[in-house]
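Student: Here you go, coords_6.cif (mmCIF, C-alpha atoms):
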```cif
data_protein
#
loop_
_atom_site.label_atom_id
_atom_site.label_comp_id
_atom_site.auth_asym_id
_atom_site.auth_seq_id
_atom_site.Cartn_x
_atom_site.Cartn_y
_atom_site.Cartn_z
CA ARG A 1 0.00 0.00 0.00
CA HIS A 2 2.84 2.38 0.82
CA VAL A 3 4.41 1.82 -2.60
CA LEU A 4 1.10 2.45 -4.36
CA ASN A 5 0.60 5.67 -2.39
CA LEU A 6 4.10 6.82 -3.28
CA GLU A 7 3.45 6.06 -6.95
CA SER A 8 0.24 8.10 -6.90
CA ARG A 9 2.10 11.16 -5.55
CA ARG A 10 5.19 10.55 -7.58
CA GLU A 11 5.22 13.70 -9.67
CA ARG A 12 4.85 15.96 -6.64
CA HIS A 13 7.34 14.32 -4.29
CA PHE A 14 9.87 12.43 -6.38
CA GLY A 15 12.24 13.33 -9.15
CA PRO A 16 14.10 11.25 -11.74
CA ALA A 17 16.87 10.49 -9.23
CA ASP A 18 14.42 8.53 -7.09
CA GLU A 19 13.48 6.11 -9.87
CA GLU A 20 15.82 3.42 -8.54
CA LEU A 21 14.34 3.73 -5.05
CA LEU A 22 10.80 3.38 -6.32
CA THR A 23 11.75 0.35 -8.44
CA ALA A 24 13.39 -1.32 -5.44
CA LEU A 25 10.35 -0.65 -3.24
CA ALA A 26 8.01 -2.07 -5.87
CA GLY A 27 10.18 -5.20 -6.15
CA PHE A 28 10.15 -5.60 -2.38
CA ALA A 29 6.35 -5.29 -2.35
CA ALA A 30 6.11 -8.04 -4.98
CA VAL A 31 8.26 -10.37 -2.84
CA VAL A 32 6.13 -9.68 0.25
CA GLY A 33 3.01 -10.38 -1.82
CA SER A 34 4.45 -13.73 -2.93
CA ILE A 35 5.23 -14.72 0.66
CA GLU A 36 1.73 -13.73 1.69
CA LYS A 37 0.20 -15.97 -0.98
CA VAL A 38 2.29 -18.95 0.15
CA PHE A 39 1.16 -18.52 3.76
CA GLU A 40 -2.45 -17.98 2.68
CA HIS A 41 -2.28 -21.33 0.90
CA ALA A 42 -0.70 -23.03 3.93
CA ILE A 43 -3.29 -21.61 6.34
CA HIS A 44 -6.11 -22.64 4.02
CA GLN A 45 -4.74 -26.20 3.86
CA MET A 46 -4.24 -26.34 7.65
CA LYS A 47 -7.74 -25.19 8.63
CA GLY A 48 -9.47 -28.49 7.86
CA PRO A 49 -7.07 -30.85 9.69
CA VAL A 50 -6.75 -28.54 12.73
CA THR A 51 -10.54 -28.20 13.00
CA ASN A 52 -10.99 -31.97 12.70
CA ILE A 53 -8.46 -32.57 15.49
CA LEU A 54 -9.99 -29.96 17.80
CA ASN A 55 -13.43 -31.48 17.27
CA GLN A 56 -12.17 -34.71 18.86
CA VAL A 57 -11.07 -33.04 22.13
CA PRO A 58 -14.49 -33.37 23.88
CA TYR A 59 -14.51 -37.11 23.16
CA ILE A 60 -10.99 -37.59 24.51
CA THR A 61 -11.57 -35.58 27.71
CA SER A 62 -14.91 -37.21 28.53
CA ALA A 63 -16.31 -40.71 28.83
CA GLY A 64 -18.13 -40.32 25.50
CA ARG A 65 -16.76 -41.68 22.25
CA SER A 66 -17.40 -40.49 18.72
CA GLN A 67 -18.65 -42.85 16.05
CA ARG A 68 -15.16 -42.98 14.62
CA ASP A 69 -11.99 -43.60 16.61
CA PRO A 70 -10.61 -40.13 17.58
CA VAL A 71 -7.05 -41.50 17.58
CA GLU A 72 -7.44 -42.55 13.93
CA ILE A 73 -8.87 -39.13 13.01
CA ILE A 74 -6.03 -37.31 14.77
CA GLN A 75 -3.38 -39.48 13.10
CA ARG A 76 -4.83 -38.94 9.64
CA ASN A 77 -5.17 -35.19 10.04
CA GLY A 78 -1.71 -35.01 11.58
CA MET A 79 -0.39 -36.56 8.37
CA ALA A 80 -2.18 -33.86 6.37
CA LEU A 81 -0.56 -31.15 8.51
CA ARG A 82 2.89 -32.63 7.95
CA SER A 83 2.23 -32.54 4.21
CA VAL A 84 1.36 -28.83 4.38
CA ILE A 85 4.50 -28.09 6.39
CA SER A 86 6.53 -29.80 3.67
CA LEU A 87 5.36 -27.04 1.29
CA LEU A 88 6.93 -24.36 3.47
CA ALA A 89 10.14 -26.17 4.39
CA PRO A 90 13.16 -26.14 2.05
CA ARG A 91 12.45 -28.96 -0.35
CA THR A 92 14.79 -31.94 -0.13
CA PHE A 93 13.94 -35.32 -1.57
CA ASP A 94 14.51 -38.68 0.06
CA LEU A 95 14.30 -40.81 -3.07
CA LEU A 96 13.69 -44.48 -2.30
CA PRO A 97 11.97 -47.43 -4.04
CA VAL A 98 8.28 -47.08 -3.22
CA ARG A 99 5.15 -49.14 -3.82
CA LEU A 100 2.52 -46.76 -5.16
CA LEU A 101 -0.29 -48.41 -3.20
CA SER A 102 1.51 -47.72 0.10
CA VAL A 103 1.30 -43.99 -0.66
CA ILE A 104 -2.19 -44.02 -2.18
CA GLU A 105 -4.03 -45.90 0.58
CA PRO A 106 -3.49 -43.40 3.46
CA ILE A 107 -4.13 -40.39 1.18
CA VAL A 108 -7.43 -41.85 -0.04
CA ALA A 109 -8.42 -42.84 3.51
CA LEU A 110 -7.88 -39.25 4.65
CA ALA A 111 -9.75 -37.80 1.66
CA ARG A 112 -12.77 -40.11 1.99
CA ASP A 113 -15.05 -37.89 4.05
CA GLY A 114 -18.18 -38.82 2.11
CA THR A 115 -18.26 -35.62 0.05
CA VAL A 116 -17.13 -37.23 -3.21
CA PRO A 117 -16.71 -41.00 -3.77
CA ILE A 118 -13.10 -42.06 -4.48
CA HIS A 119 -12.46 -45.35 -6.27
CA VAL A 120 -9.02 -47.00 -6.41
CA GLY A 121 -8.81 -49.00 -9.62
CA HIS A 122 -7.64 -52.58 -10.02
CA GLY A 123 -3.97 -53.09 -10.81
CA ILE A 124 -2.32 -50.38 -8.71
CA ASP A 125 -1.17 -53.04 -6.24
CA GLU A 126 0.68 -54.74 -9.11
CA MET A 127 2.52 -51.64 -10.35
CA PRO A 128 6.35 -51.78 -10.40
CA LEU A 129 8.37 -49.91 -7.79
CA VAL A 130 9.22 -46.27 -8.53
CA ARG A 131 12.00 -44.19 -6.96
CA VAL A 132 10.33 -41.20 -5.29
CA ASP A 133 9.98 -39.34 -2.01
CA ALA A 134 6.86 -40.98 -0.54
CA THR A 135 5.89 -37.91 1.54
CA ILE A 136 6.13 -35.55 -1.43
CA LEU A 137 4.27 -37.97 -3.69
CA GLY A 138 1.51 -38.12 -1.07
CA GLU A 139 1.25 -34.33 -1.10
CA ILE A 140 1.12 -34.35 -4.92
CA LEU A 141 -1.77 -36.82 -4.97
CA ARG A 142 -3.57 -34.98 -2.18
CA ASN A 143 -3.44 -31.75 -4.19
CA LEU A 144 -4.84 -33.46 -7.30
CA ILE A 145 -7.63 -35.13 -5.30
CA ASP A 146 -8.47 -31.85 -3.53
CA ASN A 147 -8.68 -30.03 -6.87
CA ALA A 148 -10.95 -32.71 -8.33
CA THR A 149 -13.15 -32.61 -5.23
CA ASP A 150 -13.49 -28.80 -5.37
CA GLU A 151 -14.38 -28.97 -9.06
CA LEU A 152 -17.10 -31.58 -8.55
CA ILE A 153 -18.61 -29.70 -5.60
CA ASP A 154 -18.61 -26.38 -7.51
CA ALA A 155 -20.17 -28.09 -10.54
CA LYS A 156 -22.94 -29.53 -8.32
CA HIS A 157 -22.49 -32.85 -10.12
CA SER A 158 -25.34 -35.29 -9.46
CA SER A 159 -23.05 -38.36 -9.53
CA PRO A 160 -19.53 -37.14 -8.71
CA LEU A 161 -16.67 -39.63 -8.86
CA ILE A 162 -12.88 -39.54 -8.52
CA GLN A 163 -10.90 -42.53 -9.75
CA LEU A 164 -7.26 -43.46 -9.14
CA VAL A 165 -6.10 -45.89 -11.80
CA PRO A 166 -2.72 -47.21 -13.00
CA ALA A 167 -0.80 -45.01 -15.41
CA THR A 168 1.80 -46.77 -17.53
CA MET A 169 4.09 -46.35 -20.48
CA PRO A 170 7.10 -48.51 -21.36
CA GLY A 171 9.61 -48.22 -18.51
CA TRP A 172 7.45 -45.82 -16.51
CA ALA A 173 4.80 -46.32 -13.84
CA GLY A 174 2.46 -44.07 -11.90
CA VAL A 175 -1.12 -43.20 -11.16
CA SER A 176 -3.86 -41.22 -12.91
CA VAL A 177 -6.36 -39.08 -10.99
CA GLN A 178 -9.57 -38.85 -13.01
CA ASP A 179 -12.75 -36.91 -12.29
CA ASN A 180 -16.04 -36.62 -14.16
CA GLY A 181 -16.35 -32.85 -13.78
CA ARG A 182 -16.66 -30.10 -16.37
CA GLY A 183 -13.11 -30.41 -17.67
CA ILE A 184 -10.52 -27.67 -18.22
CA SER A 185 -10.81 -25.06 -20.96
CA GLU A 186 -7.93 -24.69 -23.42
CA LYS A 187 -7.37 -21.14 -22.16
CA ASN A 188 -6.92 -22.29 -18.56
CA ARG A 189 -4.91 -25.35 -19.60
CA GLU A 190 -2.19 -23.08 -20.97
CA ARG A 191 -1.65 -21.42 -17.59
CA MET A 192 -2.81 -23.91 -14.96
CA TYR A 193 0.76 -24.83 -13.89
CA ASP A 194 1.79 -21.18 -13.52
CA ARG A 195 2.52 -20.10 -9.99
CA TYR A 196 -0.40 -18.18 -8.39
CA PHE A 197 -2.74 -18.80 -11.33
CA THR A 198 -6.13 -19.96 -10.05
CA THR A 199 -9.67 -20.20 -11.35
CA LYS A 200 -11.17 -20.70 -7.89
CA ARG A 201 -13.12 -18.00 -6.13
CA ALA A 202 -11.40 -15.55 -3.78
CA GLY A 203 -10.40 -17.17 -0.50
CA LYS A 204 -10.65 -20.69 -1.93
CA GLY A 205 -7.52 -21.08 -4.02
CA THR A 206 -4.13 -19.38 -4.20
CA GLY A 207 -2.69 -20.99 -7.35
CA VAL A 208 0.18 -22.74 -5.57
CA GLY A 209 -1.07 -26.35 -5.72
CA LEU A 210 -0.57 -27.33 -9.38
CA TRP A 211 2.64 -25.31 -9.59
CA PHE A 212 3.99 -27.31 -6.63
CA VAL A 213 2.76 -30.58 -8.16
CA LYS A 214 4.58 -30.10 -11.47
CA ASP A 215 7.72 -28.65 -9.88
CA ALA A 216 8.07 -31.50 -7.38
CA ILE A 217 7.39 -34.19 -10.01
CA THR A 218 10.01 -32.70 -12.33
CA GLN A 219 12.61 -32.49 -9.55
CA MET A 220 12.06 -36.18 -8.75
CA GLY A 221 12.67 -37.12 -12.40
CA GLY A 222 9.04 -37.70 -13.30
CA LYS A 223 6.48 -36.04 -15.51
CA ILE A 224 2.82 -35.07 -15.37
CA GLU A 225 0.38 -35.32 -18.25
CA ASP A 226 -3.14 -33.96 -18.47
CA LYS A 227 -5.91 -34.68 -20.93
CA PRO A 228 -9.71 -34.68 -21.13
CA ALA A 229 -11.44 -37.81 -19.86
CA PRO A 230 -13.12 -39.99 -22.53
CA GLU A 231 -16.66 -38.87 -21.64
CA GLN A 232 -16.27 -35.81 -19.41
CA GLY A 233 -13.84 -34.52 -16.84
CA THR A 234 -10.06 -34.45 -16.62
CA ILE A 235 -7.24 -36.97 -16.18
CA PHE A 236 -3.95 -36.04 -14.51
CA SER A 237 -1.29 -38.76 -14.91
CA VAL A 238 1.77 -38.74 -12.65
CA LEU A 239 4.60 -40.92 -14.01
CA PHE A 240 8.08 -41.89 -12.82
CA PRO A 241 10.76 -44.19 -14.29
CA SER A 242 10.46 -47.67 -12.79
CA VAL A 243 13.21 -48.81 -10.42
CA ALA A 244 14.11 -51.59 -12.89
CA LEU A 245 14.65 -49.10 -15.74
CA LEU A 246 16.78 -46.85 -13.50
CA ALA A 247 18.94 -49.83 -12.54
CA ILE A 248 19.48 -50.73 -16.21
CA SER A 249 20.36 -47.11 -17.04
CA LYS A 250 22.90 -46.98 -14.20
CA ARG A 251 24.57 -50.22 -15.27
CA LEU A 252 24.87 -48.99 -18.84
CA GLY A 253 26.36 -45.72 -17.59
CA ASP A 254 28.82 -47.52 -15.32
CA SER A 255 29.96 -49.70 -18.22
CA GLY A 256 31.95 -46.81 -19.70
CA LEU A 257 30.00 -46.60 -22.93
CA THR A 258 30.02 -43.05 -24.26
CA ARG A 259 26.57 -43.29 -25.78
CA THR A 260 23.72 -45.48 -24.62
CA SER A 261 20.10 -45.76 -25.60
CA ILE A 262 17.22 -47.71 -24.11
CA ARG A 263 14.12 -48.43 -26.11
CA LEU A 264 11.13 -50.35 -24.83
CA TYR A 265 8.75 -51.96 -27.28
CA PRO A 266 5.24 -53.22 -26.47
CA ALA A 267 5.11 -57.02 -26.49
CA THR A 268 2.32 -59.54 -26.12
CA GLY A 269 0.32 -59.52 -22.91
CA THR A 270 1.17 -56.93 -20.26
CA LYS A 271 4.97 -57.27 -20.44
CA SER A 272 7.47 -55.07 -22.26
CA GLU A 273 10.43 -56.09 -24.36
CA LEU A 274 13.85 -54.52 -23.84
#
```
Hey, can you dump this file as structure tokens for me?
Tutor:
Amino acid sequence: RHVLNLESRRERHFGPADEELLTALAGFAAVVGSIEKVFEHAIHQMKGPVTNILNQVPYITSAGRSQRDPVEIIQRNGMALRSVISLLAPRTFDLLPVRLLSVIEPIVALARDGTVPIHVGHGIDEMPLVRVDATILGEILRNLIDNATDELIDAKHSSPLIQLVPATMPGWAGVSVQDNGRGISEKNRERMYDRYFTTKRAGKGTGVGLWFVKDAITQMGGKIEDKPAPEQGTIFSVLFPSVALLAISKRLGDSGLTRTSIRLYPATGTKSEL
């Protein structure tokens, strides 16, 4: 606000020599605004889990018990809070071989509050191991599920549904988050990964989620693809190189060959040919 007020009185109070000062102040204001948006996003994400935990206090401090185990509720919402904190902390990745289902199950359990049905498709338990940071991958999936949930609620869909199904391509494995909402316009698709770009109403979204999703996936060596669903809605596919492919790549690199190339060809059945 101070910078804007200075700009409005610029001609009366400032001369050409003060141009550098005004530019520096405007830059500082932009940085402060960016920090504010990050914390707005964090506070928004924290509200739900904190409220859920506080709602269990009467049941813990009295003889009464809620219909659901308060310990389970607190543990699940505590996991959500840790995920939000990971957005604010300096991002480091603990990349280890991970079963996708071990990450998906607790995220889906936390998200299943009855608002929108979430279906985990057959075959995810058979997906190959991928080398990722399990905590960060959980936060990525939670963001995608939250976005799909918000879209379906805003659209007032009569039969909303979110599906998590296997995503594959030769040498890669991952998961697709699919909703049956209104889909994404081409105009919004061009900017949806931009930092602070949001189509949600004021106070609902800050435009950090999808930017974080793509940035984190890229830093872990993966990729994200988006496309319209066959009938209606949107599919976000999160893919990472399989642990087996990474091991082959490393062995080829260690062999001393100056140029190596791996190509995977579809074969009969569900296997791939190297």
Student: Neighbouring residues of Val130 in chain A were defined as those with any atom within 10 Å, considering only C-alpha atoms; residues of the same chain fewer than 4 positions away were excluded. Please report them as JSON, numbers by chain.
Tutor: {"A": [95, 96, 97, 98, 99, 100, 134, 172, 173, 174, 222, 239, 240, 241, 242, 243, 244, 245, 246]}
Student: For the residues in the current selection, export C-alpha atoms as an mmCIF file, keeping the file's coordinate frame.
Tutor:
```
data_model
loop_
_atom_site.group_PDB
_atom_site.id
_atom_site.type_symbol
_atom_site.label_atom_id
_atom_site.label_comp_id
_atom_site.auth_asym_id
_atom_site.auth_seq_id
_atom_site.Cartn_x
_atom_site.Cartn_y
_atom_site.Cartn_z
ATOM 1 C CA LEU A 95 14.300 -40.810 -3.070
ATOM 2 C CA LEU A 96 13.690 -44.480 -2.300
ATOM 3 C CA PRO A 97 11.970 -47.430 -4.040
ATOM 4 C CA VAL A 98 8.280 -47.080 -3.220
ATOM 5 C CA ARG A 99 5.150 -49.140 -3.820
ATOM 6 C CA LEU A 100 2.520 -46.760 -5.160
ATOM 7 C CA ALA A 134 6.860 -40.980 -0.540
ATOM 8 C CA TRP A 172 7.450 -45.820 -16.510
ATOM 9 C CA ALA A 173 4.800 -46.320 -13.840
ATOM 10 C CA GLY A 174 2.460 -44.070 -11.900
ATOM 11 C CA GLY A 222 9.040 -37.700 -13.300
ATOM 12 C CA LEU A 239 4.600 -40.920 -14.010
ATOM 13 C CA PHE A 240 8.080 -41.890 -12.820
ATOM 14 C CA PRO A 241 10.760 -44.190 -14.290
ATOM 15 C CA SER A 242 10.460 -47.670 -12.790
ATOM 16 C CA VAL A 243 13.210 -48.810 -10.420
ATOM 17 C CA ALA A 244 14.110 -51.590 -12.890
ATOM 18 C CA LEU A 245 14.650 -49.100 -15.740
ATOM 19 C CA LEU A 246 16.780 -46.850 -13.500
#
```
Student: Could you tell me which of A:Ser159, A:Asn180, A:Val132, A:Leu164 comes closest to Ile118 in chain A if we count only C-alpha atoms?
Tutor: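 The closest residue to Ile118 in chain A is A:Leu164.
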Student: Calculated over only C-alpha atoms, which of the candidates A:Asp179, A:Asp146, A:Asp94, A:Glu139 has the smallest distance to Thr234 in chain A?
Tutor: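 Using only C-alpha atoms, the shortest distance to Thr234 in chain A belongs to A:Asp179.
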Student: Selection in question (the file shown): the PyMOL selection byres ((chain A and resi 181-184) around 8). Which residues does it include, as a ChimeraX atom specification?
Tutor: /A:148,151-152,155,157,160,179-180,185-186,188-189,228-229,232-234
Student: Starting from the shown file, work through the PyMOL selection byres ((chain A and resi 207-216) around 7) and note down what comes out as an MDAnalysis selection string.
Tutor: chainID A and resid 140 143 192:198 205:206 217:220 224
Student: Quick check, in Å to one decimal: how far apart do CA of Thr92 in chain A and CA of Leu141 in chain A lie?
Tutor: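 Interatomic distance here is 17.9 Å.
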Student: To one decimal place, how far is CA of Val177 in chain A from CA of Ile235 in chain A in Å?
Tutor: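 Between CA of Val177 in chain A and CA of Ile235 in chain A the gap works out to 5.7 Å.
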Student: One number please: CA of Val165 in chain A to CA of Val108 in chain A, in Å, one decimal.
Tutor: 12.5 Å
Student: Choose the residue, out of A:Ile124, A:Asp133, A:Lys187, A:Thr115, that has the smallest atom-to-atom separation from Ile162 in chain A; count all atoms listed in the file.
Tutor: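 Of the candidates, the smallest distance to Ile162 in chain A is held by A:Thr115.
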Student: Can you pull out every residue within 7 Å of Phe236 in chain A, counting only C-alpha atoms, but drop anything in the same chain fewer than 5 positions away, and send it as a PyMOL selection string?
Tutor: chain A and resi 176-178+224-227
